[in-house]
Every structure is written in C-alpha cells, then in structure tokens.
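The next block is my_file_23.cif, given as mmCIF, C-alpha atoms, pLDDT in the B column; chains and numbers go by the auth columns.
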data_data
loop_
_atom_site.group_PDB
_atom_site.id
_atom_site.type_symbol
_atom_site.label_atom_id
_atom_site.label_comp_id
_atom_site.label_asym_id
_atom_site.label_seq_id
_atom_site.Cartn_x
_atom_site.Cartn_y
_atom_site.Cartn_z
_atom_site.B_iso_or_equiv
_atom_site.auth_seq_id
_atom_site.auth_asym_id
ATOM 1 C CA MET A 1 -95.882 -185.726 99.696 60.00 986 A
ATOM 2 C CA ARG A 2 -95.033 -182.371 101.298 84.00 987 A
ATOM 3 C CA GLU A 3 -92.488 -181.629 98.539 84.00 988 A
ATOM 4 C CA ARG A 4 -95.130 -182.014 95.824 83.00 989 A
ATOM 5 C CA GLU A 5 -97.446 -179.592 97.600 84.00 990 A
ATOM 6 C CA VAL A 6 -94.679 -177.014 97.887 81.00 991 A
ATOM 7 C CA LEU A 7 -93.797 -177.523 94.221 83.00 992 A
ATOM 8 C CA TRP A 8 -97.407 -177.020 93.085 87.00 993 A
ATOM 9 C CA LEU A 9 -97.830 -173.988 95.319 83.00 994 A
ATOM 10 C CA SER A 10 -94.618 -172.488 93.908 85.00 995 A
ATOM 11 C CA LEU A 11 -95.801 -173.123 90.352 82.00 996 A
ATOM 12 C CA ILE A 12 -99.209 -171.557 90.964 86.00 997 A
ATOM 13 C CA LEU A 13 -97.717 -168.489 92.646 84.00 998 A
ATOM 14 C CA SER A 14 -95.217 -168.085 89.805 85.00 999 A
ATOM 15 C CA VAL A 15 -97.995 -168.121 87.207 82.00 1000 A
ATOM 16 C CA ILE A 16 -100.019 -165.595 89.220 85.00 1001 A
ATOM 17 C CA GLY A 17 -96.920 -163.382 89.515 80.00 1002 A
ATOM 18 C CA ILE A 18 -96.329 -163.478 85.770 80.00 1003 A
ATOM 19 C CA ILE A 19 -99.962 -162.499 85.135 77.00 1004 A
ATOM 20 C CA PHE A 20 -99.666 -159.534 87.521 73.00 1005 A
ATOM 21 C CA LEU A 21 -96.405 -158.431 85.897 71.00 1006 A
ATOM 22 C CA ALA A 22 -97.948 -158.583 82.437 65.00 1007 A
ATOM 23 C CA TYR A 23 -100.947 -156.558 83.594 64.00 1008 A
ATOM 24 C CA GLY A 24 -98.774 -154.075 85.515 64.00 1009 A
ATOM 25 C CA SER A 25 -96.600 -153.382 82.495 54.00 1010 A
ATOM 26 C CA THR A 26 -99.649 -152.073 80.622 54.00 1011 A
ATOM 27 C CA LEU A 27 -100.252 -149.519 83.363 58.00 1012 A
ATOM 28 C CA VAL A 28 -96.945 -147.709 82.873 72.00 1013 A
ATOM 29 C CA GLU A 29 -97.454 -146.959 79.187 87.00 1014 A
ATOM 30 C CA PRO A 30 -97.912 -143.207 78.760 92.00 1015 A
ATOM 31 C CA LYS A 31 -101.124 -141.850 77.266 93.00 1016 A
ATOM 32 C CA LYS A 32 -100.316 -140.140 73.960 95.00 1017 A
ATOM 33 C CA ALA A 33 -101.820 -136.670 74.126 95.00 1018 A
ATOM 34 C CA ASP A 34 -102.053 -133.399 72.259 95.00 1019 A
ATOM 35 C CA ILE A 35 -101.034 -130.398 74.325 96.00 1020 A
ATOM 36 C CA LYS A 36 -104.545 -128.927 74.211 96.00 1021 A
ATOM 37 C CA ASP A 37 -105.836 -132.018 76.063 95.00 1022 A
ATOM 38 C CA LEU A 38 -103.414 -131.765 79.000 95.00 1023 A
ATOM 39 C CA GLU A 39 -105.815 -129.564 81.013 94.00 1024 A
ATOM 40 C CA GLU A 40 -108.025 -132.611 81.572 94.00 1025 A
ATOM 41 C CA LEU A 41 -105.124 -135.012 82.232 94.00 1026 A
ATOM 42 C CA GLU A 42 -103.732 -133.661 85.507 94.00 1027 A
ATOM 43 C CA GLY A 43 -101.947 -136.455 87.373 93.00 1028 A
ATOM 44 C CA VAL A 44 -101.793 -138.686 84.276 94.00 1029 A
ATOM 45 C CA TYR A 45 -98.575 -140.121 82.817 94.00 1030 A
ATOM 46 C CA VAL A 46 -98.524 -138.810 79.229 96.00 1031 A
ATOM 47 C CA SER A 47 -96.414 -138.714 76.086 97.00 1032 A
ATOM 48 C CA VAL A 48 -96.315 -135.378 74.251 97.00 1033 A
ATOM 49 C CA THR A 49 -94.381 -134.547 71.094 97.00 1034 A
ATOM 50 C CA GLY A 50 -93.468 -130.943 70.422 96.00 1035 A
ATOM 51 C CA ARG A 51 -90.969 -128.397 69.165 97.00 1036 A
ATOM 52 C CA VAL A 52 -88.956 -126.430 71.732 97.00 1037 A
ATOM 53 C CA LEU A 53 -89.943 -122.739 71.737 97.00 1038 A
ATOM 54 C CA ASP A 54 -87.903 -121.600 74.719 96.00 1039 A
ATOM 55 C CA VAL A 55 -85.198 -122.932 77.055 96.00 1040 A
ATOM 56 C CA ILE A 56 -84.263 -121.379 80.394 94.00 1041 A
ATOM 57 C CA SER A 57 -81.633 -122.823 82.733 92.00 1042 A
ATOM 58 C CA SER A 58 -81.783 -121.741 86.374 91.00 1043 A
ATOM 59 C CA LYS A 59 -80.097 -123.170 89.470 90.00 1044 A
ATOM 60 C CA GLY A 60 -79.431 -126.489 87.744 89.00 1045 A
ATOM 61 C CA ASN A 61 -83.032 -126.858 86.573 92.00 1046 A
ATOM 62 C CA LEU A 62 -84.235 -126.597 82.973 95.00 1047 A
ATOM 63 C CA PHE A 63 -87.491 -124.902 81.983 96.00 1048 A
ATOM 64 C CA LEU A 64 -88.792 -125.588 78.478 97.00 1049 A
ATOM 65 C CA LYS A 65 -91.789 -124.411 76.517 97.00 1050 A
ATOM 66 C CA ILE A 66 -92.779 -126.844 73.793 97.00 1051 A
ATOM 67 C CA GLU A 67 -95.547 -126.624 71.201 97.00 1052 A
ATOM 68 C CA ASP A 68 -97.462 -128.939 68.945 96.00 1053 A
ATOM 69 C CA ARG A 69 -100.169 -128.065 66.426 96.00 1054 A
ATOM 70 C CA THR A 70 -102.703 -127.656 69.274 97.00 1055 A
ATOM 71 C CA GLY A 71 -100.897 -125.404 71.764 96.00 1056 A
ATOM 72 C CA ASP A 72 -97.909 -125.084 74.056 96.00 1057 A
ATOM 73 C CA VAL A 73 -96.943 -126.302 77.531 97.00 1058 A
ATOM 74 C CA ASN A 74 -94.173 -125.806 80.068 97.00 1059 A
ATOM 75 C CA VAL A 75 -91.842 -128.723 80.792 97.00 1060 A
ATOM 76 C CA VAL A 76 -89.865 -128.526 84.032 96.00 1061 A
ATOM 77 C CA ILE A 77 -86.776 -130.718 84.371 95.00 1062 A
ATOM 78 C CA PHE A 78 -85.358 -130.620 87.876 94.00 1063 A
ATOM 79 C CA GLU A 79 -81.613 -131.009 88.380 92.00 1064 A
ATOM 80 C CA ARG A 80 -81.883 -134.508 89.900 93.00 1065 A
ATOM 81 C CA GLU A 81 -83.955 -135.667 86.919 92.00 1066 A
ATOM 82 C CA MET A 82 -81.500 -134.143 84.456 90.00 1067 A
ATOM 83 C CA LYS A 83 -78.731 -136.149 86.106 91.00 1068 A
ATOM 84 C CA ARG A 84 -80.845 -139.324 86.087 92.00 1069 A
ATOM 85 C CA MET A 85 -81.614 -138.858 82.370 91.00 1070 A
ATOM 86 C CA GLY A 86 -77.975 -137.992 81.597 90.00 1071 A
ATOM 87 C CA LEU A 87 -78.887 -134.511 80.314 88.00 1072 A
ATOM 88 C CA GLU A 88 -76.802 -131.363 80.438 87.00 1073 A
ATOM 89 C CA SER A 89 -78.424 -127.925 80.309 83.00 1074 A
ATOM 90 C CA ASN A 90 -77.056 -127.304 76.787 88.00 1075 A
ATOM 91 C CA ASP A 91 -78.343 -130.631 75.363 91.00 1076 A
ATOM 92 C CA ILE A 92 -81.760 -129.145 74.562 94.00 1077 A
ATOM 93 C CA ARG A 93 -82.055 -126.101 72.302 94.00 1078 A
ATOM 94 C CA LYS A 94 -84.775 -124.049 70.656 95.00 1079 A
ATOM 95 C CA GLY A 95 -86.140 -125.669 67.530 95.00 1080 A
ATOM 96 C CA MET A 96 -85.546 -129.287 68.609 95.00 1081 A
ATOM 97 C CA VAL A 97 -88.441 -131.730 68.400 96.00 1082 A
ATOM 98 C CA LEU A 98 -88.851 -133.805 71.560 96.00 1083 A
ATOM 99 C CA VAL A 99 -90.982 -136.612 72.899 97.00 1084 A
ATOM 100 C CA VAL A 100 -91.618 -135.883 76.561 97.00 1085 A
ATOM 101 C CA GLU A 101 -93.010 -138.630 78.785 96.00 1086 A
ATOM 102 C CA GLY A 102 -94.061 -137.509 82.238 95.00 1087 A
ATOM 103 C CA VAL A 103 -96.793 -136.548 84.652 95.00 1088 A
ATOM 104 C CA VAL A 104 -99.107 -133.604 84.044 96.00 1089 A
ATOM 105 C CA GLN A 105 -99.215 -131.202 87.002 95.00 1090 A
ATOM 106 C CA ARG A 106 -100.563 -127.768 87.726 95.00 1091 A
ATOM 107 C CA TYR A 107 -98.322 -125.081 89.230 93.00 1092 A
ATOM 108 C CA ARG A 108 -99.678 -121.622 90.008 93.00 1093 A
ATOM 109 C CA GLY A 109 -102.665 -122.315 87.792 92.00 1094 A
ATOM 110 C CA GLU A 110 -100.574 -123.381 84.783 93.00 1095 A
ATOM 111 C CA VAL A 111 -100.384 -126.893 83.375 96.00 1096 A
ATOM 112 C CA GLU A 112 -96.880 -128.339 83.098 97.00 1097 A
ATOM 113 C CA VAL A 113 -95.275 -131.690 82.438 97.00 1098 A
ATOM 114 C CA ILE A 114 -92.673 -133.110 84.830 96.00 1099 A
ATOM 115 C CA PRO A 115 -90.750 -135.530 82.593 96.00 1100 A
ATOM 116 C CA GLU A 116 -89.486 -138.988 83.402 93.00 1101 A
ATOM 117 C CA SER A 117 -87.898 -139.316 79.978 94.00 1102 A
ATOM 118 C CA ILE A 118 -87.089 -137.112 77.005 94.00 1103 A
ATOM 119 C CA THR A 119 -86.251 -138.297 73.518 93.00 1104 A
ATOM 120 C CA ILE A 120 -84.803 -135.957 70.901 91.00 1105 A
ATOM 121 C CA LEU A 121 -86.487 -136.665 67.558 92.00 1106 A
ATOM 122 C CA GLU A 122 -85.010 -133.783 65.588 83.00 1107 A
ATOM 123 C CA SER A 123 -82.075 -131.490 66.307 85.00 1108 A
ATOM 124 C CA ALA A 124 -82.291 -127.755 65.801 69.00 1109 A
#
Show me, as structure tokens, the structure contained in the file I just sent.
Amino acid sequence: MREREVLWLSLILSVIGIIFLAYGSTLVEPKKADIKDLEELEGVYVSVTGRVLDVISSKGNLFLKIEDRTGDVNVVIFEREMKRMGLESNDIRKGMVLVVEGVVQRYRGEVEVIPESITILESA
C-alpha cells in the first residue's frame, strides 16, 4: 500500500511542477516596447527593435545608440555578456537593424538597455 501512496504523490507533484513550469515560461517573455515608452519600464525585461546610430568599443565593452521611429536609447553590452552571446566588438556596425532583449535601467539619469540577447535583423 505504501508504494501506491508514493506513486500517487509523485504523480501529483509532477503535474504541479509542469503547471508551474508552464506558468513560469510566460514570465520570461520580453515586453515588446517602443523606445519612447522605456522611461516608464525601468526594471522590465523588454524587446526593442532599432537601427544602430553609433557604436563605441571601450575596455572590452560595447556602447550602442539605437533608434526606432519614436526615439533613441543607449544599449550597453558588457564584455562578459559579449562573450556569453558570442559577439565580437566588430560584429555590430552603424546602420544595422537589431532586436535587443534586455532589462531597462537608468544610469546617471539616462535610460539604457542592458541586453541578454541581440539579434541582427538587417546588416549595414
């Protein structure tokens, strides 16, 4: 009888785990946003599409300015994140269109996106 109880308990916990996983996966989807709306989305995981206006490489980090039809924003890619994403400093150039998924932060009063992923939609 003890085996049946353990089996049922295992089954119930497995179903509960699957439900939590399904719910949790919806939480990591980025919020699609226009750049003009980022001011109100500090701390939110977002997806922004824009054209690269400027690229600066410094001390292994990459600093981008991207724009969409509503404005522009700084994107800061730290060296460790570049390595994790498999990016080199010359992979991103002015004129490229990117999808940036990351967290909106404020640094020295300016809104910026710290990316977790970058997808190149259009080369320069």
Determine the residue membership of the PyMOL selection byres ((chain A and resi 1085) around 9) for the file above and supply it as number ranges by chain. A: 1031-1035, 1060, 1083-1084, 1086-1087, 1098-1105
Next on the checklist: Need the shell around range 1064-1068 of chain A: protein/DNA/RNA residues with any atom at most 8 Å away, counting all atoms listed in the file. Skip same-chain ones fewer than 6 positions apart. Format as a count of residues only?
Outcome noted: 4
**Message:** List the spatial neighbours of Arg1036 in chain A as a ChimeraX atom specification - criterion: any atom at most 7 Å away, all atoms listed in the file, same-chain residues fewer than 3 positions off excluded.
**Reply:** /A:1051-1053,1080-1083
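The spacing separating CA of Val1088 in chain A from CA of Lys1016 in chain A amounts to 10.1 Å.
Interatomic distance, CA of Leu1106 in chain A against CA of Leu1026 in chain A: 23.8 Å.
The closest residue to Arg1091 in chain A, picked from A:Glu1014, A:Glu1027, A:Asp1019, A:Glu988 and counting only C-alpha atoms, is A:Glu1027.
The gap separating CA of Arg1078 in chain A from CA of Ser1042 in chain A is 10.9 Å, in Å to one decimal.
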Give me, as number ranges by chain, all polymer residues having an atom no more than 12 Å from Val1096 in chain A, counting all atoms listed in the file and skipping those fewer than 5 positions away in the same chain. A: 1020-1029, 1050, 1056-1061, 1088-1091
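Minimum atom-to-atom distance to Lys1017 in chain A, evaluated using only C-alpha atoms, belongs to A:Tyr1030 out of A:Leu1072, A:Trp993, A:Tyr1030, A:Val1037.
Applied to the file shown here, the PyMOL selection byres ((chain A and resi 1039) around 7) selects the residues Val1037, Leu1038, Val1040, Ile1041, Leu1049, Lys1050 and Lys1079 of chain A.
Checking A:Ser1043, A:Ile1077, A:Arg1054, A:Val1013 one by one against Glu1107 in chain A, counting only C-alpha atoms, you find the shortest gap at A:Ile1077.
With all atoms listed in the file as the atoms that count, the minimum distance from Ser1074 in chain A to the choices A:Ile1062, A:Pro1015, A:Arg989, A:Glu1095 is reached by A:Ile1062.
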